[in-house]
Amino acid sequence: MFEFFWLALRNLFRKGLRTSLTILGISIGVASVVIIGTIGRAGTGAVNGELDSLGISGISVSSNVNCTVPLSKDDLEIIRKLPNVENAMPITTDTSLASAKGETISALLWGIDSGAKQVISIEIKYGRSITASDVNSNANVCLVDENVAKNLYQRENVVGKTISLLVGGVFDEYEIIGVTKQGSGILQSLMGDFIPCFVYIPYTTKQNIEGTTSITQIAVKLSDSKDVNSVSKNISEALDRNKGVKNSVKTDNLVKQRDRLGNLLNIIAIVLSAIGAISLLVAGLGVMTVMLVSVNERTREIGIKKAIGAKAKNILAEFLFEALTISFIGSIIGIIIGVGVSFIATAVFNIEAPPSIIQILYSVLVAVLTGVIFGVYPAIKASKLKPVDALRQE
C-alpha cells in the first residue's frame with residue numbers, strides 16, 4: 001500500500017501546477033465546510049447565551065388580557081418565594097433619548113430592580129449598581145452603557161455626572177451612579193445601528209413618573225430549567241389566589257421559545273454547511289478531470305506496464321490511490337485553513353466556538369469519498385486499456 005502511495009505522489013507531481021490547483025479546490029471546499037459549521041455553532045451559542053443573559057431562560061409572567069387586576073409588587077414577592085425560583089425581576093423597556101452637554105442620543109431604557117444583575121447581563125465597569133434603597137426611594141439615578149459616556153462625555157468614567165433622560169414623555173435629570181460594560185452580545189450588536197446604548201433606572205422611578213404601581217412583566221429565572229411547567233402552574237395558582245381571580249396571569253415558557261430558536265439556528269447552520277459542501281462536489285469533478293487527462297497522457301505508459309505483466313487491478317489501484325492522495329492532501333490543507341480562520345474569527349468577535357472534531361472528520365471523509373468516487377471512472381478506464389491499443393498511442 002505504501003508503494004502505491006509513493007507512486008501516486010511521484011505521478012501527481014509530474015504535473016505540479018495542475019495537481020496543486022486540484023488540491024486547492026478540495027482545500028477550499030473542506031475549509032468552507034469547517035468555517036461555515038463553526039460560524040453556525042458560534043451563532044447558536046452566542047444567541048442562546050445572550051437570551052440567557054436577558055432572562056430568557058425561565059418564565060415570563062404578564063397580566064392576562066381578560067384580567068383587570070394588573071401585576072403588582074406583592075405578586076413579585078409571591079413569585080420570589082416559590083420553590084425552584086432563583087430570582088424574579090420586573091422588567092420594563094422603552095425607547096428613549098439621553099441628553100447631556102448639548103448632545104442627544106437614542107437609547108433603550110430599562111426599568112430594573114436591585115437584583116437585575118442576577119437575571120440580565122449587566123457588568124459594572126465604574127461606580128455601583130442600582131440598590132434596594134434606590135428602588136424603595138424612587139431615586140433619580142441611572143446606570144449607563146459606556147457608549148453613552150463616550151458619545152456624550154467623550155470618556156468612559158462619568159460616575160457622578162448628570163444626564164437628562166426622556167421617561168414617560170418628560171425629560172428629567174438623573175445622576176449617573178455607574179457605567180456598565182458595553183454590550184458585546186449578538187442582540188445589542190444587531191440593534192447597534194438603531195439603539196446604540198442601554199440606560200438603566202429603578203423600575204419604581206419609572207412607575208412614579210408614569211403615575212402607576214402596576215408591573216408590565218416579570219422575568220423569572222429558575223434554579224432548574226427542566227421544571228418549567230410545574231413552576232408555571234405554581235405561579236398561576238399562587239397569583240390567582242392572591243388576586244381572587246381565575247386565569248389572572250399568562251405565563252410564557254421562554255425556555256421552549258429559546259429552544260425553538262436554537263433549533264432554527266441549527267437548521268440554518270446545516271443548510272449553510274450543505275451549501276459549502278457543494279464546493280466539494282465541484283472539487284470532485286476537478287479530480288475526475290485531472291485523472292482523465294492523466295489517463296490520456298499516460299496511455300502508452302499503461303500499455304507498457306500491462307505488456308510486462310501488470311494486472312488490471314494494479315492499474316486500477318494506482319489511479320485510485322492518486323485520486324485518494326489528492327483528496328487527502330487537499331483535506332489536510334483545508335482543515336488547517338478552516339481551523340485557523342475559525343480560531344481567528346472567534347477570537348476577534350470574542351465568541352467561544354472551537355471547531356468540532358466530528359465535523360472535521362466528517363469533512364475529511366466526504367472529501368476523500370468524493371475524490372475516490374470521481375476517480376473511479378478514470379481508474380476503470382485506465383485498467384481496461386488493452387496493451388496493444390495502448391502501445392499504439394503516441
# chains A, B, ... in the order shown; residues from 1 in each chain; ligands from 1
call {"tool": "residues_around", "arguments": {"residues": "Gln359 in chain A", "least_positions_apart": "5", "cutoff": "10 Å", "atoms": "only C-alpha atoms", "output": "ChimeraX atom specification"}}
result
/A:33-34,37-38,273,364-365
call {"tool": "write_last_selection", "arguments": {"atoms": "N, CA and C atoms", "output": "PDB file, in the first residue's frame"}}
result
ATOM      1  N   VAL A  33     -16.558  24.264   4.592  1.00  0.00           N
ATOM      2  CA  VAL A  33     -17.459  23.475   5.441  1.00  0.00           C
ATOM      3  C   VAL A  33     -17.105  23.673   6.915  1.00  0.00           C
ATOM      4  N   VAL A  34     -15.815  23.629   7.243  1.00  0.00           N
ATOM      5  CA  VAL A  34     -15.378  23.808   8.630  1.00  0.00           C
ATOM      6  C   VAL A  34     -15.729  25.209   9.134  1.00  0.00           C
ATOM      7  N   GLY A  37     -19.579  25.713   9.430  1.00  0.00           N
ATOM      8  CA  GLY A  37     -20.073  24.965  10.580  1.00  0.00           C
ATOM      9  C   GLY A  37     -19.727  25.653  11.889  1.00  0.00           C
ATOM     10  N   THR A  38     -18.504  26.160  11.985  1.00  0.00           N
ATOM     11  CA  THR A  38     -18.077  26.861  13.198  1.00  0.00           C
ATOM     12  C   THR A  38     -18.874  28.138  13.404  1.00  0.00           C
ATOM     13  N   SER A 273     -23.878  24.616   5.786  1.00  0.00           N
ATOM     14  CA  SER A 273     -22.831  23.603   5.613  1.00  0.00           C
ATOM     15  C   SER A 273     -23.051  22.811   4.331  1.00  0.00           C
ATOM     16  N   VAL A 364     -13.441  15.575   6.144  1.00  0.00           N
ATOM     17  CA  VAL A 364     -12.371  14.783   5.525  1.00  0.00           C
ATOM     18  C   VAL A 364     -12.954  13.555   4.840  1.00  0.00           C
ATOM     19  N   LEU A 365     -13.875  12.876   5.527  1.00  0.00           N
ATOM     20  CA  LEU A 365     -14.485  11.669   4.959  1.00  0.00           C
ATOM     21  C   LEU A 365     -15.213  11.981   3.659  1.00  0.00           C
TER      22      LEU A 365
END
call {"tool": "select_by_dssp", "arguments": {"residues": "range 158-375 of chain A", "states": "strand (DSSP E)", "output": "PyMOL selection string"}}
result
chain A and resi 162-167+170-180+198-202+217-222+249-253
call {"tool": "residues_around", "arguments": {"residues": "Ala379 in chain A", "least_positions_apart": "2", "cutoff": "8 Å", "atoms": "only C-alpha atoms", "output": "JSON, numbers by chain"}}
result
{"A": [291, 295, 315, 316, 317, 318, 319, 320, 375, 376, 377, 381, 382, 383]}
call {"tool": "write_last_selection", "arguments": {"atoms": "N, CA and C atoms", "output": "PDB file, in the first residue's frame"}}
result
ATOM      1  N   MET A 291      -7.770  13.317 -13.505  1.00  0.00           N
ATOM      2  CA  MET A 291      -7.462  11.896 -13.669  1.00  0.00           C
ATOM      3  C   MET A 291      -7.685  11.427 -15.109  1.00  0.00           C
ATOM      4  N   VAL A 295      -4.910   9.870 -17.518  1.00  0.00           N
ATOM      5  CA  VAL A 295      -5.043   8.590 -18.221  1.00  0.00           C
ATOM      6  C   VAL A 295      -4.663   8.756 -19.685  1.00  0.00           C
ATOM      7  N   ILE A 315      -3.362  -1.476 -12.135  1.00  0.00           N
ATOM      8  CA  ILE A 315      -3.567  -0.175 -12.787  1.00  0.00           C
ATOM      9  C   ILE A 315      -4.715   0.561 -12.117  1.00  0.00           C
ATOM     10  N   LEU A 316      -5.794  -0.171 -11.809  1.00  0.00           N
ATOM     11  CA  LEU A 316      -6.952   0.425 -11.131  1.00  0.00           C
ATOM     12  C   LEU A 316      -6.536   1.012  -9.785  1.00  0.00           C
ATOM     13  N   ALA A 317      -5.777   0.220  -8.998  1.00  0.00           N
ATOM     14  CA  ALA A 317      -5.335   0.676  -7.673  1.00  0.00           C
ATOM     15  C   ALA A 317      -4.431   1.892  -7.778  1.00  0.00           C
ATOM     16  N   GLU A 318      -3.568   1.912  -8.804  1.00  0.00           N
ATOM     17  CA  GLU A 318      -2.649   3.035  -8.973  1.00  0.00           C
ATOM     18  C   GLU A 318      -3.392   4.349  -9.167  1.00  0.00           C
ATOM     19  N   PHE A 319      -4.390   4.343 -10.034  1.00  0.00           N
ATOM     20  CA  PHE A 319      -5.122   5.586 -10.309  1.00  0.00           C
ATOM     21  C   PHE A 319      -6.067   5.954  -9.158  1.00  0.00           C
ATOM     22  N   LEU A 320      -6.639   4.945  -8.488  1.00  0.00           N
ATOM     23  CA  LEU A 320      -7.479   5.246  -7.326  1.00  0.00           C
ATOM     24  C   LEU A 320      -6.650   5.863  -6.202  1.00  0.00           C
ATOM     25  N   GLY A 375     -12.842   9.514  -8.951  1.00  0.00           N
ATOM     26  CA  GLY A 375     -11.646   8.925  -9.553  1.00  0.00           C
ATOM     27  C   GLY A 375     -11.854   7.513 -10.053  1.00  0.00           C
ATOM     28  N   VAL A 376     -13.014   6.921  -9.729  1.00  0.00           N
ATOM     29  CA  VAL A 376     -13.279   5.535 -10.120  1.00  0.00           C
ATOM     30  C   VAL A 376     -13.346   5.388 -11.637  1.00  0.00           C
ATOM     31  N   TYR A 377     -14.097   6.274 -12.292  1.00  0.00           N
ATOM     32  CA  TYR A 377     -14.261   6.129 -13.746  1.00  0.00           C
ATOM     33  C   TYR A 377     -12.931   6.225 -14.498  1.00  0.00           C
ATOM     34  N   LYS A 381     -11.267   3.167 -16.571  1.00  0.00           N
ATOM     35  CA  LYS A 381     -10.909   3.375 -17.969  1.00  0.00           C
ATOM     36  C   LYS A 381      -9.456   2.983 -18.224  1.00  0.00           C
ATOM     37  N   ALA A 382      -8.578   3.379 -17.294  1.00  0.00           N
ATOM     38  CA  ALA A 382      -7.160   3.049 -17.442  1.00  0.00           C
ATOM     39  C   ALA A 382      -6.927   1.541 -17.336  1.00  0.00           C
ATOM     40  N   SER A 383      -7.624   0.888 -16.397  1.00  0.00           N
ATOM     41  CA  SER A 383      -7.401  -0.548 -16.180  1.00  0.00           C
ATOM     42  C   SER A 383      -7.913  -1.398 -17.338  1.00  0.00           C
TER      43      SER A 383
END
call {"tool": "closest_residue", "arguments": {"among": "A:Thr162, A:Thr180, A:Thr131, A:Gln217", "to": "Asn147 in chain A", "atoms": "only C-alpha atoms"}}
result
A:Thr180
call {"tool": "residues_around", "arguments": {"residues": "range 199-205 of chain A", "least_positions_apart": "3", "cutoff": "6 Å", "atoms": "only C-alpha atoms", "output": "list of chain:residue names"}}
result
A:Leu109, A:Trp110, A:Gly111, A:Ile112, A:Asp113, A:Val135, A:Asn138, A:Cys142, A:Leu143, A:Val144, A:Asn208
call {"tool": "atom_distance", "arguments": {"atom1": "CA of Thr289 in chain A", "atom2": "CA of Leu272 in chain A"}}
result
26.8 Å
call {"tool": "residues_around", "arguments": {"residues": "Glu86 in chain A", "least_positions_apart": "3", "cutoff": "8 Å", "atoms": "only C-alpha atoms", "output": "list in words"}}
result
Arg80, Val220, Lys221, Leu222 and Ser223 of chain A
call {"tool": "write_last_selection", "arguments": {"atoms": "N, CA and C atoms", "output": "PDB file, in the first residue's frame"}}
result
ATOM      1  N   ARG A  80     -41.157  35.274  44.047  1.00  0.00           N
ATOM      2  CA  ARG A  80     -39.793  35.070  44.544  1.00  0.00           C
ATOM      3  C   ARG A  80     -39.719  34.002  45.633  1.00  0.00           C
ATOM      4  N   VAL A 220     -38.766  35.556  35.321  1.00  0.00           N
ATOM      5  CA  VAL A 220     -38.479  34.597  36.386  1.00  0.00           C
ATOM      6  C   VAL A 220     -37.328  33.694  35.954  1.00  0.00           C
ATOM      7  N   LYS A 221     -36.278  33.678  36.748  1.00  0.00           N
ATOM      8  CA  LYS A 221     -35.151  32.788  36.480  1.00  0.00           C
ATOM      9  C   LYS A 221     -35.268  31.574  37.391  1.00  0.00           C
ATOM     10  N   LEU A 222     -35.142  30.390  36.813  1.00  0.00           N
ATOM     11  CA  LEU A 222     -35.357  29.161  37.552  1.00  0.00           C
ATOM     12  C   LEU A 222     -34.048  28.541  38.026  1.00  0.00           C
ATOM     13  N   SER A 223     -34.141  27.808  39.144  1.00  0.00           N
ATOM     14  CA  SER A 223     -32.981  27.055  39.620  1.00  0.00           C
ATOM     15  C   SER A 223     -32.718  25.860  38.724  1.00  0.00           C
TER      16      SER A 223
END
call {"tool": "atom_distance", "arguments": {"atom1": "CA of Asp259 in chain A", "atom2": "CA of Val61 in chain A"}}
result
18.5 Å
call {"tool": "atom_distance", "arguments": {"atom1": "CA of Ile358 in chain A", "atom2": "CA of Ile35 in chain A"}}
result
13.6 Å
call {"tool": "closest_residue", "arguments": {"among": "A:Gly371, A:Gly29, A:Gly330, A:Gly43", "to": "Leu261 in chain A", "atoms": "only C-alpha atoms"}}
result
A:Gly43
call {"tool": "closest_residue", "arguments": {"among": "A:Val348, A:Ile78, A:Ile304, A:Val372", "to": "Phe328 in chain A", "atoms": "only C-alpha atoms"}}
result
A:Val372
call {"tool": "select_by_dssp", "arguments": {"residues": "range 218-385 of chain A", "states": "helix (DSSP H, G or I)", "output": "ChimeraX atom specification"}}
result
/A:225-243,254-297,299-307,312-348,357-383
call {"tool": "residues_around", "arguments": {"residues": "Val30 in chain A", "least_positions_apart": "3", "cutoff": "8 Å", "atoms": "only C-alpha atoms", "output": "PyMOL selection string"}}
result
chain A and resi 26-27+33-34+277+280+330-331+334-335+338+363-364+367
call {"tool": "closest_residue", "arguments": {"among": "A:Ala347, A:Ile124, A:Ile79, A:Ala323", "to": "Val368 in chain A", "atoms": "only C-alpha atoms"}}
result
A:Ala323
call {"tool": "closest_residue", "arguments": {"among": "A:Thr346, A:Ser99, A:Gln154, A:Ser133", "to": "Leu166 in chain A", "atoms": "only C-alpha atoms"}}
result
A:Ser99
